[in-house]
$ cat protein_31.cif   # mmCIF, C-alpha atoms and all ligand atoms
data_target
#
loop_
_atom_site.group_PDB
_atom_site.id
_atom_site.type_symbol
_atom_site.label_atom_id
_atom_site.label_comp_id
_atom_site.auth_asym_id
_atom_site.auth_seq_id
_atom_site.Cartn_x
_atom_site.Cartn_y
_atom_site.Cartn_z
ATOM 1 C CA MET A 1 -62.074 -24.294 -21.118
ATOM 2 C CA GLU A 2 -61.256 -21.333 -18.928
ATOM 3 C CA GLN A 3 -58.500 -20.231 -16.598
ATOM 4 C CA LEU A 4 -59.549 -19.120 -13.155
ATOM 5 C CA LYS A 5 -58.462 -18.937 -9.551
ATOM 6 C CA VAL A 6 -60.320 -21.180 -7.131
ATOM 7 C CA VAL A 7 -60.300 -21.270 -3.345
ATOM 8 C CA ILE A 8 -58.949 -24.346 -1.562
ATOM 9 C CA ASP A 9 -61.632 -25.604 0.818
ATOM 10 C CA GLY A 10 -59.667 -28.489 2.341
ATOM 11 C CA ILE A 11 -56.516 -30.535 1.874
ATOM 12 C CA ASP A 12 -55.759 -33.841 3.630
ATOM 13 C CA PHE A 13 -53.562 -36.914 3.320
ATOM 14 C CA ILE A 14 -55.848 -39.946 2.880
ATOM 15 C CA ALA A 15 -53.213 -42.654 2.222
ATOM 16 C CA ASN A 16 -49.464 -43.006 1.684
ATOM 17 C CA GLN A 17 -48.295 -39.817 -0.112
ATOM 18 C CA THR A 18 -51.876 -39.435 -1.338
ATOM 19 C CA VAL A 19 -53.639 -36.104 -1.021
ATOM 20 C CA LYS A 20 -57.312 -35.179 -1.299
ATOM 21 C CA LEU A 21 -57.769 -31.588 -2.381
ATOM 22 C CA ASP A 22 -61.181 -29.907 -2.240
ATOM 23 C CA LEU A 23 -61.798 -26.813 -4.354
ATOM 24 C CA ARG A 24 -64.734 -24.432 -4.120
ATOM 25 C CA LEU A 25 -66.568 -23.854 -7.385
ATOM 26 C CA ASP A 26 -69.942 -22.468 -8.379
ATOM 27 C CA LEU A 27 -72.879 -24.644 -9.433
ATOM 28 C CA GLU A 28 -72.865 -23.565 -13.053
ATOM 29 C CA ARG A 29 -69.267 -24.670 -13.580
ATOM 30 C CA LEU A 30 -69.602 -27.846 -11.490
ATOM 31 C CA SER A 31 -72.614 -29.047 -13.466
ATOM 32 C CA LYS A 32 -70.626 -28.975 -16.720
ATOM 33 C CA PHE A 33 -67.934 -31.518 -15.713
ATOM 34 C CA GLN A 34 -67.936 -35.027 -17.175
ATOM 35 C CA PRO A 35 -66.357 -37.969 -15.337
ATOM 36 C CA GLY A 36 -62.893 -38.610 -16.809
ATOM 37 C CA GLN A 37 -62.111 -34.936 -17.429
ATOM 38 C CA PHE A 38 -59.190 -33.325 -15.648
ATOM 39 C CA ILE A 39 -58.153 -29.944 -14.317
ATOM 40 C CA HIS A 40 -54.764 -28.459 -15.181
ATOM 41 C CA ILE A 41 -53.241 -26.936 -12.067
ATOM 42 C CA ARG A 42 -50.546 -24.288 -11.954
ATOM 43 C CA VAL A 43 -48.280 -25.256 -9.101
ATOM 44 C CA ASN A 44 -47.204 -21.777 -8.057
ATOM 45 C CA HIS A 45 -46.890 -18.286 -9.405
ATOM 46 C CA GLY A 46 -43.090 -18.024 -9.500
ATOM 47 C CA THR A 47 -40.755 -19.115 -12.292
ATOM 48 C CA GLU A 48 -40.402 -22.573 -10.727
ATOM 49 C CA HIS A 49 -42.917 -25.247 -11.862
ATOM 50 C CA MET A 50 -44.198 -23.108 -14.711
ATOM 51 C CA LEU A 51 -45.822 -26.139 -16.271
ATOM 52 C CA ARG A 52 -49.201 -27.110 -14.976
ATOM 53 C CA ARG A 53 -49.964 -30.524 -13.519
ATOM 54 C CA PRO A 54 -52.983 -32.475 -14.856
ATOM 55 C CA ILE A 55 -55.148 -34.122 -12.182
ATOM 56 C CA SER A 56 -58.417 -35.967 -12.777
ATOM 57 C CA ILE A 57 -61.718 -35.027 -11.217
ATOM 58 C CA ALA A 58 -62.339 -37.490 -8.398
ATOM 59 C CA ASN A 59 -65.669 -36.143 -7.235
ATOM 60 C CA ILE A 60 -68.136 -33.330 -7.517
ATOM 61 C CA ASP A 61 -70.413 -32.494 -4.620
ATOM 62 C CA ILE A 62 -73.132 -30.275 -6.017
ATOM 63 C CA GLU A 63 -74.715 -29.573 -2.603
ATOM 64 C CA LYS A 64 -71.470 -28.465 -0.989
ATOM 65 C CA GLN A 65 -70.229 -26.900 -4.246
ATOM 66 C CA ILE A 66 -66.913 -28.744 -4.078
ATOM 67 C CA LEU A 67 -64.736 -30.299 -6.755
ATOM 68 C CA THR A 68 -62.339 -32.921 -5.373
ATOM 69 C CA VAL A 69 -59.099 -34.189 -6.855
ATOM 70 C CA ILE A 70 -56.897 -36.893 -5.364
ATOM 71 C CA PHE A 71 -53.229 -37.019 -6.242
ATOM 72 C CA LYS A 72 -50.054 -38.820 -5.281
ATOM 73 C CA GLN A 73 -46.872 -36.928 -4.450
ATOM 74 C CA PHE A 74 -44.336 -37.961 -7.081
ATOM 75 C CA GLY A 75 -42.037 -35.065 -7.809
ATOM 76 C CA ASP A 76 -41.551 -31.387 -7.034
ATOM 77 C CA GLY A 77 -44.851 -30.287 -8.551
ATOM 78 C CA THR A 78 -47.144 -32.565 -6.586
ATOM 79 C CA LYS A 79 -45.020 -32.091 -3.428
ATOM 80 C CA ALA A 80 -45.560 -28.334 -3.681
ATOM 81 C CA LEU A 81 -49.296 -28.866 -4.248
ATOM 82 C CA ALA A 82 -49.498 -31.055 -1.140
ATOM 83 C CA GLN A 83 -48.264 -28.139 0.949
ATOM 84 C CA LEU A 84 -51.082 -25.784 0.024
ATOM 85 C CA GLN A 85 -53.442 -24.654 2.768
ATOM 86 C CA PRO A 86 -57.214 -24.096 2.949
ATOM 87 C CA GLY A 87 -58.148 -20.562 1.934
ATOM 88 C CA GLN A 88 -55.309 -20.235 -0.579
ATOM 89 C CA LEU A 89 -56.074 -19.583 -4.245
ATOM 90 C CA LEU A 90 -55.154 -22.060 -6.950
ATOM 91 C CA ASP A 91 -54.804 -21.208 -10.640
ATOM 92 C CA VAL A 92 -56.584 -23.857 -12.730
ATOM 93 C CA LEU A 93 -57.626 -24.528 -16.309
ATOM 94 C CA ILE A 94 -61.063 -26.182 -16.310
ATOM 95 C CA PRO A 95 -62.588 -28.385 -17.609
ATOM 96 C CA CYS A 96 -59.931 -30.194 -19.682
ATOM 97 C CA GLY A 97 -60.164 -33.121 -22.111
ATOM 98 C CA ASN A 98 -62.974 -35.458 -22.995
ATOM 99 C CA GLY A 99 -64.575 -37.649 -20.366
ATOM 100 C CA TYR A 100 -66.328 -41.020 -20.436
ATOM 101 C CA PRO A 101 -69.303 -40.676 -22.838
ATOM 102 C CA ILE A 102 -71.729 -42.503 -20.544
ATOM 103 C CA ASP A 103 -74.783 -40.557 -21.693
ATOM 104 C CA GLU A 104 -74.309 -41.966 -25.204
ATOM 105 C CA LEU A 105 -74.029 -45.607 -24.103
ATOM 106 C CA LYS A 106 -76.733 -48.210 -23.538
ATOM 107 C CA ILE A 107 -75.367 -49.825 -20.470
ATOM 108 C CA SER A 108 -76.794 -51.811 -17.575
ATOM 109 C CA LYS A 109 -73.709 -53.301 -15.895
ATOM 110 C CA ALA A 110 -70.281 -51.685 -15.781
ATOM 111 C CA LEU A 111 -66.915 -52.962 -14.654
ATOM 112 C CA LEU A 112 -64.479 -50.271 -13.462
ATOM 113 C CA ILE A 113 -60.794 -51.175 -13.191
ATOM 114 C CA GLY A 114 -58.344 -48.742 -11.612
ATOM 115 C CA GLY A 115 -54.703 -48.893 -10.653
ATOM 116 C CA GLY A 116 -52.933 -46.459 -8.278
ATOM 117 C CA ILE A 117 -53.360 -42.876 -9.435
ATOM 118 C CA GLY A 118 -55.861 -44.172 -11.973
ATOM 119 C CA VAL A 119 -58.382 -44.839 -9.210
ATOM 120 C CA PRO A 120 -59.602 -41.246 -8.506
ATOM 121 C CA PRO A 121 -61.425 -40.561 -11.808
ATOM 122 C CA LEU A 122 -63.302 -43.853 -11.454
ATOM 123 C CA TYR A 123 -64.972 -42.642 -8.277
ATOM 124 C CA TYR A 124 -66.860 -39.828 -9.994
ATOM 125 C CA LEU A 125 -67.551 -42.163 -12.922
ATOM 126 C CA ALA A 126 -69.035 -44.783 -10.564
ATOM 127 C CA LYS A 127 -71.196 -42.130 -8.923
ATOM 128 C CA LYS A 128 -72.592 -40.918 -12.264
ATOM 129 C CA LEU A 129 -73.212 -44.502 -13.455
ATOM 130 C CA VAL A 130 -75.090 -45.369 -10.251
ATOM 131 C CA GLU A 131 -77.205 -42.222 -10.742
ATOM 132 C CA LYS A 132 -78.174 -43.703 -14.128
ATOM 133 C CA ASP A 133 -79.173 -47.021 -12.445
ATOM 134 C CA VAL A 134 -76.167 -48.850 -13.857
ATOM 135 C CA GLU A 135 -74.925 -51.748 -11.713
ATOM 136 C CA VAL A 136 -71.278 -51.043 -10.934
ATOM 137 C CA SER A 137 -68.495 -53.477 -9.954
ATOM 138 C CA THR A 138 -65.004 -52.183 -9.306
ATOM 139 C CA ILE A 139 -61.533 -53.668 -9.169
ATOM 140 C CA LEU A 140 -58.898 -51.456 -7.554
ATOM 141 C CA GLY A 141 -55.185 -52.228 -7.572
ATOM 142 C CA PHE A 142 -52.657 -50.652 -5.194
ATOM 143 C CA GLN A 143 -49.068 -51.409 -4.257
ATOM 144 C CA THR A 144 -49.576 -51.996 -0.528
ATOM 145 C CA LYS A 145 -52.152 -51.525 2.252
ATOM 146 C CA ASP A 146 -50.766 -48.033 2.964
ATOM 147 C CA ASP A 147 -51.655 -46.900 -0.551
ATOM 148 C CA VAL A 148 -55.296 -48.009 -0.428
ATOM 149 C CA PHE A 149 -57.991 -45.338 -0.393
ATOM 150 C CA TYR A 150 -61.751 -45.084 -1.051
ATOM 151 C CA HIS A 151 -62.449 -48.824 -0.604
ATOM 152 C CA ASP A 152 -65.531 -48.071 1.535
ATOM 153 C CA GLU A 153 -66.674 -45.336 -0.824
ATOM 154 C CA PHE A 154 -66.568 -47.683 -3.837
ATOM 155 C CA ASN A 155 -68.138 -50.504 -1.784
ATOM 156 C CA ARG A 156 -71.138 -48.317 -1.095
ATOM 157 C CA MET A 157 -71.807 -48.157 -4.841
ATOM 158 C CA GLY A 158 -71.469 -51.865 -5.669
ATOM 159 C CA LYS A 159 -69.168 -54.847 -5.345
ATOM 160 C CA CYS A 160 -65.569 -53.667 -4.951
ATOM 161 C CA TYR A 161 -62.517 -55.947 -5.138
ATOM 162 C CA VAL A 162 -59.194 -54.607 -3.872
ATOM 163 C CA THR A 163 -55.879 -56.148 -4.737
ATOM 164 C CA THR A 164 -52.391 -55.207 -3.538
ATOM 165 C CA ASN A 165 -49.092 -56.278 -5.076
ATOM 166 C CA ASP A 166 -47.824 -57.634 -1.741
ATOM 167 C CA GLY A 167 -51.138 -58.992 -0.408
ATOM 168 C CA SER A 168 -51.105 -56.644 2.615
ATOM 169 C CA TYR A 169 -54.737 -55.624 1.849
ATOM 170 C CA GLY A 170 -57.408 -57.446 -0.155
ATOM 171 C CA SER A 171 -56.157 -60.182 -2.417
ATOM 172 C CA LYS A 172 -52.509 -60.526 -3.450
ATOM 173 C CA GLY A 173 -51.639 -59.763 -7.042
ATOM 174 C CA PHE A 174 -52.870 -57.516 -9.816
ATOM 175 C CA VAL A 175 -56.245 -56.375 -11.100
ATOM 176 C CA THR A 176 -55.865 -58.886 -13.942
ATOM 177 C CA ASP A 177 -55.776 -61.739 -11.380
ATOM 178 C CA VAL A 178 -59.195 -60.642 -10.109
ATOM 179 C CA ILE A 179 -60.555 -60.519 -13.662
ATOM 180 C CA GLU A 180 -59.293 -64.056 -14.183
ATOM 181 C CA LYS A 181 -60.581 -65.522 -10.918
ATOM 182 C CA GLU A 182 -63.956 -63.842 -10.416
ATOM 183 C CA THR A 183 -67.130 -64.308 -12.407
ATOM 184 C CA LEU A 184 -67.810 -60.761 -13.565
ATOM 185 C CA ASP A 185 -70.944 -59.744 -15.366
ATOM 186 C CA PHE A 186 -70.780 -56.479 -17.327
ATOM 187 C CA ASP A 187 -71.494 -55.011 -20.737
ATOM 188 C CA TYR A 188 -68.884 -52.218 -20.754
ATOM 189 C CA TYR A 189 -65.619 -51.771 -18.919
ATOM 190 C CA PHE A 190 -63.829 -48.530 -17.988
ATOM 191 C CA SER A 191 -60.219 -48.484 -16.910
ATOM 192 C CA CYS A 192 -57.603 -45.994 -15.773
ATOM 193 C CA GLY A 193 -54.090 -46.659 -14.539
ATOM 194 C CA PRO A 194 -50.518 -47.218 -15.667
ATOM 195 C CA LYS A 195 -50.033 -48.127 -19.348
ATOM 196 C CA ALA A 196 -48.808 -51.637 -18.534
ATOM 197 C CA MET A 197 -51.979 -52.319 -16.554
ATOM 198 C CA LEU A 198 -54.213 -50.902 -19.285
ATOM 199 C CA LYS A 199 -52.470 -53.050 -21.876
ATOM 200 C CA ALA A 200 -52.888 -56.204 -19.797
ATOM 201 C CA VAL A 201 -56.556 -55.413 -19.132
ATOM 202 C CA GLN A 202 -57.154 -54.685 -22.818
ATOM 203 C CA ASN A 203 -55.621 -58.040 -23.828
ATOM 204 C CA GLN A 204 -57.642 -59.900 -21.252
ATOM 205 C CA LEU A 205 -60.977 -58.243 -22.079
ATOM 206 C CA ASN A 206 -60.493 -58.019 -25.838
ATOM 207 C CA HIS A 207 -64.013 -59.274 -26.570
ATOM 208 C CA PHE A 208 -65.678 -56.519 -24.559
ATOM 209 C CA PRO A 209 -66.365 -52.891 -25.454
ATOM 210 C CA GLY A 210 -64.744 -50.407 -23.146
ATOM 211 C CA TYR A 211 -62.978 -47.132 -22.534
ATOM 212 C CA ILE A 212 -59.555 -46.418 -21.120
ATOM 213 C CA SER A 213 -58.169 -43.203 -19.691
ATOM 214 C CA LEU A 214 -54.504 -42.318 -20.161
ATOM 215 C CA GLU A 215 -52.458 -40.336 -17.671
ATOM 216 C CA GLU A 216 -49.510 -39.454 -19.915
ATOM 217 C CA ARG A 217 -46.951 -36.777 -19.092
ATOM 218 C CA MET A 218 -48.302 -33.438 -20.278
ATOM 219 C CA GLY A 219 -47.106 -29.990 -21.175
ATOM 220 C CA CYS A 220 -49.584 -27.326 -22.224
ATOM 221 C CA GLY A 221 -52.744 -29.407 -21.709
ATOM 222 C CA ILE A 222 -54.500 -27.519 -24.526
ATOM 223 C CA GLY A 223 -53.251 -29.250 -27.681
ATOM 224 C CA ALA A 224 -50.387 -26.875 -28.545
ATOM 225 C CA CYS A 225 -47.132 -28.658 -27.630
ATOM 226 C CA TYR A 226 -47.296 -32.363 -28.664
ATOM 227 C CA ALA A 227 -45.894 -33.463 -25.277
ATOM 228 C CA CYS A 228 -48.710 -35.953 -24.755
ATOM 229 C CA ILE A 229 -49.070 -37.755 -28.083
ATOM 230 C CA VAL A 230 -49.830 -41.473 -28.320
ATOM 231 C CA SER A 231 -49.995 -43.663 -31.419
ATOM 232 C CA SER A 232 -53.404 -43.868 -32.957
ATOM 233 C CA ALA A 233 -54.950 -47.029 -34.360
ATOM 234 C CA ASP A 234 -56.593 -45.095 -37.220
ATOM 235 C CA LYS A 235 -55.081 -43.128 -40.126
ATOM 236 C CA SER A 236 -54.484 -40.044 -38.009
ATOM 237 C CA LYS A 237 -51.165 -41.607 -36.762
ATOM 238 C CA TYR A 238 -51.329 -40.025 -33.331
ATOM 239 C CA LYS A 239 -53.722 -38.592 -30.782
ATOM 240 C CA LYS A 240 -53.131 -35.850 -28.273
ATOM 241 C CA VAL A 241 -54.129 -37.133 -24.859
ATOM 242 C CA CYS A 242 -54.957 -33.642 -23.584
ATOM 243 C CA VAL A 243 -57.559 -32.753 -26.234
ATOM 244 C CA ASP A 244 -58.481 -36.045 -27.973
ATOM 245 C CA GLY A 245 -58.502 -37.891 -24.620
ATOM 246 C CA PRO A 246 -57.643 -38.594 -21.882
ATOM 247 C CA VAL A 247 -60.512 -41.070 -22.389
ATOM 248 C CA PHE A 248 -60.326 -43.242 -25.500
ATOM 249 C CA LYS A 249 -62.287 -46.202 -26.790
ATOM 250 C CA VAL A 250 -60.304 -49.396 -26.343
ATOM 251 C CA ASN A 251 -58.276 -50.053 -29.492
ATOM 252 C CA GLU A 252 -58.521 -46.390 -30.555
ATOM 253 C CA VAL A 253 -54.916 -45.870 -29.420
ATOM 254 C CA ILE A 254 -51.911 -48.188 -29.467
ATOM 255 C CA LEU A 255 -50.550 -48.648 -25.975
HETATM 256 C C1 LIG B 1 -55.112 -36.632 -17.718
HETATM 257 C C2 LIG B 1 -54.280 -36.912 -16.506
HETATM 258 C C3 LIG B 1 -54.910 -37.124 -15.292
HETATM 259 C C4 LIG B 1 -54.144 -37.389 -14.155
HETATM 260 N N1 LIG B 1 -54.807 -37.598 -12.998
HETATM 261 C C5 LIG B 1 -54.113 -37.860 -11.875
HETATM 262 C C6 LIG B 1 -54.796 -38.073 -10.648
HETATM 263 O O1 LIG B 1 -56.030 -38.021 -10.572
HETATM 264 N N2 LIG B 1 -54.048 -38.314 -9.547
HETATM 265 C C7 LIG B 1 -52.664 -38.369 -9.611
HETATM 266 O O2 LIG B 1 -52.021 -38.631 -8.590
HETATM 267 N N3 LIG B 1 -52.004 -38.160 -10.760
HETATM 268 C C8 LIG B 1 -52.692 -37.903 -11.889
HETATM 269 N N4 LIG B 1 -52.010 -37.714 -13.058
HETATM 270 C C9 LIG B 1 -50.547 -37.764 -13.048
HETATM 271 C C10 LIG B 1 -49.985 -36.451 -12.524
HETATM 272 O O3 LIG B 1 -50.293 -35.429 -13.436
HETATM 273 C C11 LIG B 1 -48.460 -36.551 -12.349
HETATM 274 O O4 LIG B 1 -48.187 -37.461 -11.328
HETATM 275 C C12 LIG B 1 -47.874 -35.203 -11.981
HETATM 276 O O5 LIG B 1 -47.978 -34.325 -13.076
HETATM 277 C C13 LIG B 1 -46.421 -35.367 -11.615
HETATM 278 O O6 LIG B 1 -45.904 -34.071 -11.348
HETATM 279 P P1 LIG B 1 -44.654 -33.862 -10.378
HETATM 280 O O7 LIG B 1 -44.184 -32.492 -10.561
HETATM 281 O O8 LIG B 1 -45.013 -34.288 -8.998
HETATM 282 O O9 LIG B 1 -43.650 -34.930 -10.890
HETATM 283 P P2 LIG B 1 -42.405 -34.713 -11.846
HETATM 284 O O10 LIG B 1 -41.321 -34.034 -11.088
HETATM 285 O O11 LIG B 1 -42.872 -34.119 -13.128
HETATM 286 O O12 LIG B 1 -42.029 -36.238 -12.036
HETATM 287 C C14 LIG B 1 -41.666 -37.055 -10.895
HETATM 288 C C15 LIG B 1 -41.705 -38.523 -11.249
HETATM 289 O O13 LIG B 1 -43.038 -38.927 -11.597
HETATM 290 C C16 LIG B 1 -43.054 -39.459 -12.918
HETATM 291 N N5 LIG B 1 -44.283 -38.960 -13.553
HETATM 292 C C17 LIG B 1 -44.647 -37.665 -13.713
HETATM 293 N N6 LIG B 1 -45.841 -37.587 -14.356
HETATM 294 C C18 LIG B 1 -46.229 -38.851 -14.611
HETATM 295 C C19 LIG B 1 -47.356 -39.442 -15.255
HETATM 296 N N7 LIG B 1 -48.332 -38.714 -15.793
HETATM 297 N N8 LIG B 1 -47.408 -40.797 -15.321
HETATM 298 C C20 LIG B 1 -46.431 -41.542 -14.806
HETATM 299 N N9 LIG B 1 -45.332 -41.053 -14.187
HETATM 300 C C21 LIG B 1 -45.224 -39.736 -14.100
HETATM 301 C C22 LIG B 1 -41.835 -38.896 -13.591
HETATM 302 O O14 LIG B 1 -41.374 -39.741 -14.629
HETATM 303 C C23 LIG B 1 -40.850 -38.863 -12.455
HETATM 304 O O15 LIG B 1 -40.277 -40.123 -12.224
HETATM 305 C C24 LIG B 1 -52.731 -37.444 -14.216
HETATM 306 C C25 LIG B 1 -52.092 -37.225 -15.437
HETATM 307 C C26 LIG B 1 -52.866 -36.963 -16.557
HETATM 308 C C27 LIG B 1 -52.188 -36.694 -17.853
HETATM 309 S S1 LIG B 2 -49.996 -31.445 -23.471
HETATM 310 FE FE1 LIG B 2 -49.480 -30.084 -25.061
HETATM 311 S S2 LIG B 2 -50.413 -31.045 -26.791
HETATM 312 FE FE2 LIG B 2 -51.098 -32.254 -25.121
#

$ encode --input "protein_31.cif" --output "C-alpha cells"
Amino acid sequence: MEQLKVVIDGIDFIANQTVKLDLRLDLERLSKFQPGQFIHIRVNHGTEHMLRRPISIANIDIEKQILTVIFKQFGDGTKALAQLQPGQLLDVLIPCGNGYPIDELKISKALLIGGGIGVPPLYYLAKKLVEKDVEVSTILGFQTKDDVFYHDEFNRMGKCYVTTNDGSYGSKGFVTDVIEKETLDFDYYFSCGPKAMLKAVQNQLNHFPGYISLEERMGCGIGACYACIVSSADKSKYKKVCVDGPVFKVNEVIL
C-alpha cells in the first residue's frame, strides 16, 4: 500500500446523489488492483475531515489509464468529495484490503448480488470474471429509479436483473425476491451491500459457496485503530475489515 496524490480526470453525477470519479494512474499501479479492493481517500488537506473515506474500485480502464470509483453522497466527507473538479489532486492510499480471489477459484458461472453502494465493486468484478470466460448473472437492488446506475453496463456482460424497493424501475422488491423467483444457475456467488441484505442473501443461499464484501465504517484503513472490526466465525474472535477484508468467504464472519 502506498500514499500518493492522483489527478482527477473527470467527475460526474450518474444517478441520485451518486458520483462517478475518474482518477489518472499509471499502468504499473493499475495492473496490481484486484476487484473488491478499495482506495482510502483523504477528503481535504485542512483539519476538517481528517479521516479518510474508503471507496471501492468500480472499474479500471487500462487503455485510458483510469481508475474509477462510484460513491453516494451521505455526509460531509462524500459531499466535499463530490465538489472536486477535474485537474485537482487527490490524496489516496492504494491499493487497500483484499479483493475477490477469483484467480484461485474454479468457476464457470457466477451470480453477483449488489445493493446500493455495494453495486460499484461488482462492476469491476464482473469485468474480470468475463475476461476469464465466466458466465455472469447479476442482481442489483436500488431504492428507486433515480438511484439506478450501470444497468446497461452490467447487461452487456450477462443477464442483469434490477429491483427497486418501490417498483419504479425493474421489479418491485428486494434482491432476495429475485433469487426466490428466478431460476439461477451458478457455482459461486459474490455479494456486496448493506449488512441486512448480505445476511438475507447468506441465509437464502446457504448451500452455495460465495464471498461477501463488507462496507463497514472505517478509521485508519490500515489495521491500526480497530474501528472496523466484525465478529469472526473462527477462534480469532474478530476480523478487521480494512486488512482482513473487505472481502470474506461467506460464514467467515458473523453478520
Ligand atoms: C471497504 C469499503 C468500501 C466502500 N465502497 C463504497 C463505494 O464504492 N461507494 C460508496 O458510495 N460508498 C462506499 N463505502 C461507504 C463510504 O465509505 C461511506 O459512505 C463514506 O465513508 C461516508 O462518509 P461521509 O463523510 O459522507 O459520511 P459521514 O458523515 O461519515 O456519515 C454520514 C451518514 O452515513 C452513514 N455512513 C457512513 N459510512 C457508512 C458506511 N460505511 N456504511 C453505512 N453507513 C455509513 C453514517 O452512519 C451517517 O448516517 C465503502 C465503505 C467501505 C468500508
Ligand atoms: S479502519 Fe482502523 S483497523 Fe480497520

$ resolve_selection --input "protein_31.cif" --expression "the PyMOL selection byres (((not hetatm)) within 12 of (chain B and resi 2))" --output "PyMOL selection string"
chain A and resi 40+51-54+96-97+214-230+238-246

$ resolve_selection --input "protein_31.cif" --expression "the PyMOL selection byres (((chain A and resi 144) around 8) and not hetatm)" --output "PyMOL selection string"
chain A and resi 142-143+145-148+164-169

$ resolve_selection --input "protein_31.cif" --expression "the PyMOL selection byres (((chain A and resi 15-28) around 6) and not hetatm)" --output "PyMOL selection string"
chain A and resi 7-14+29-31+65-73+146-147

$ closest_residue --input "protein_31.cif" --among "A:Ile39, A:Cys192, A:Val247, A:Leu198" --to "Tyr100 of chain A" --atoms "only C-alpha atoms"
A:Val247

$ atom_distance --input "protein_31.cif" --atom1 "atom C22 of ligand LIG 1 (chain B)" --atom2 "atom CA of Pro194 of chain A"
12.2 Å

$ closest_residue --input "protein_31.cif" --among "A:Pro121, A:Pro95, A:Gly158, A:Gly173" --to "Leu4 of chain A" --atoms "only C-alpha atoms"
A:Pro95

$ closest_residue --input "protein_31.cif" --among "A:Leu81, A:Met197, A:Leu90, A:Val162" --to "ligand LIG 1 (chain B)" --atoms "all atoms listed in the file"
A:Leu81

$ closest_residue --input "protein_31.cif" --among "A:Gly141, A:Gly75, A:Pro101, A:Pro120" --to "Asp177 of chain A" --atoms "all atoms listed in the file"
A:Gly141

$ closest_residue --input "protein_31.cif" --among "A:Gly210, A:Pro35, A:Gly77, A:Gly115" --to "Asp103 of chain A" --atoms "all atoms listed in the file"
A:Pro35

$ closest_residue --input "protein_31.cif" --among "A:Val130, A:Cys160, A:Ile94, A:Leu84" --to "Val178 of chain A" --atoms "only C-alpha atoms"
A:Cys160

$ atom_distance --input "protein_31.cif" --atom1 "atom CA of Tyr123 of chain A" --atom2 "atom CA of Phe38 of chain A"
13.2 Å

$ residues_around --input "protein_31.cif" --residues "Glu182 of chain A" --least-positions-apart "5" --cutoff "12 Å" --atoms "all atoms listed in the file" --output "list of chain:residue names"
A:Ser137, A:Thr138, A:Ile139, A:Lys159, A:Cys160, A:Tyr161, A:Ser171, A:Val175, A:Thr176, A:Asp177

$ residues_around --input "protein_31.cif" --residues "Asn206 of chain A" --least-positions-apart "5" --cutoff "10 Å" --atoms "all atoms listed in the file" --output "list of chain:residue names"
A:Ala200, A:Val201, A:Val250, A:Asn251

$ residues_around --input "protein_31.cif" --residues "Glu131 of chain A" --least-positions-apart "6" --cutoff "12 Å" --atoms "all atoms listed in the file" --output "PDB file with C-alpha atoms, in the coordinates of the input"
ATOM      1  CA  ILE A 102     -71.729 -42.503 -20.544  1.00  0.00           C
ATOM      2  CA  ASP A 103     -74.783 -40.557 -21.693  1.00  0.00           C
ATOM      3  CA  SER A 108     -76.794 -51.811 -17.575  1.00  0.00           C
ATOM      4  CA  TYR A 124     -66.860 -39.828  -9.994  1.00  0.00           C
ATOM      5  CA  LEU A 125     -67.551 -42.163 -12.922  1.00  0.00           C
ATOM      6  CA  MET A 157     -71.807 -48.157  -4.841  1.00  0.00           C
TER       7      MET A 157
END

$ decode --input "protein_31.cif" --residues "segment 221-230 of chain A" --atoms "N, CA, C and O atoms" --output "compact mmCIF listing (two decimals), in the first residue's frame"
# COMPACT_ATOMS: atom_id res chain seq x y z
N GLY A 221 -7.96 2.55 8.17
CA GLY A 221 -7.91 1.78 6.91
C GLY A 221 -6.67 0.93 6.75
O GLY A 221 -6.50 0.27 5.73
N ILE A 222 -5.80 0.92 7.80
CA ILE A 222 -4.55 0.15 7.66
C ILE A 222 -4.33 -0.82 8.84
O ILE A 222 -3.22 -1.25 9.09
N GLY A 223 -5.40 -1.10 9.58
CA GLY A 223 -5.29 -2.12 10.63
C GLY A 223 -4.85 -1.60 11.99
O GLY A 223 -4.60 -2.40 12.90
N ALA A 224 -4.79 -0.29 12.19
CA ALA A 224 -4.22 0.23 13.44
C ALA A 224 -5.23 0.69 14.48
O ALA A 224 -4.88 0.85 15.65
N CYS A 225 -6.50 0.87 14.13
CA CYS A 225 -7.40 1.56 15.08
C CYS A 225 -8.59 0.74 15.59
O CYS A 225 -9.30 1.16 16.49
N TYR A 226 -8.87 -0.40 15.05
CA TYR A 226 -9.99 -1.27 15.46
C TYR A 226 -11.38 -0.68 15.18
O TYR A 226 -12.36 -1.17 15.70
N ALA A 227 -11.46 0.36 14.36
CA ALA A 227 -12.78 0.97 14.11
C ALA A 227 -13.67 0.06 13.27
O ALA A 227 -14.88 0.22 13.27
N CYS A 228 -13.07 -0.90 12.58
CA CYS A 228 -13.84 -1.63 11.56
C CYS A 228 -14.06 -3.10 11.91
O CYS A 228 -14.37 -3.89 11.02
N ILE A 229 -13.87 -3.48 13.18
CA ILE A 229 -13.90 -4.92 13.47
C ILE A 229 -15.30 -5.53 13.35
O ILE A 229 -16.31 -4.90 13.64
N VAL A 230 -15.31 -6.78 12.91
CA VAL A 230 -16.55 -7.58 12.87
C VAL A 230 -16.25 -8.91 13.54
O VAL A 230 -15.10 -9.35 13.57
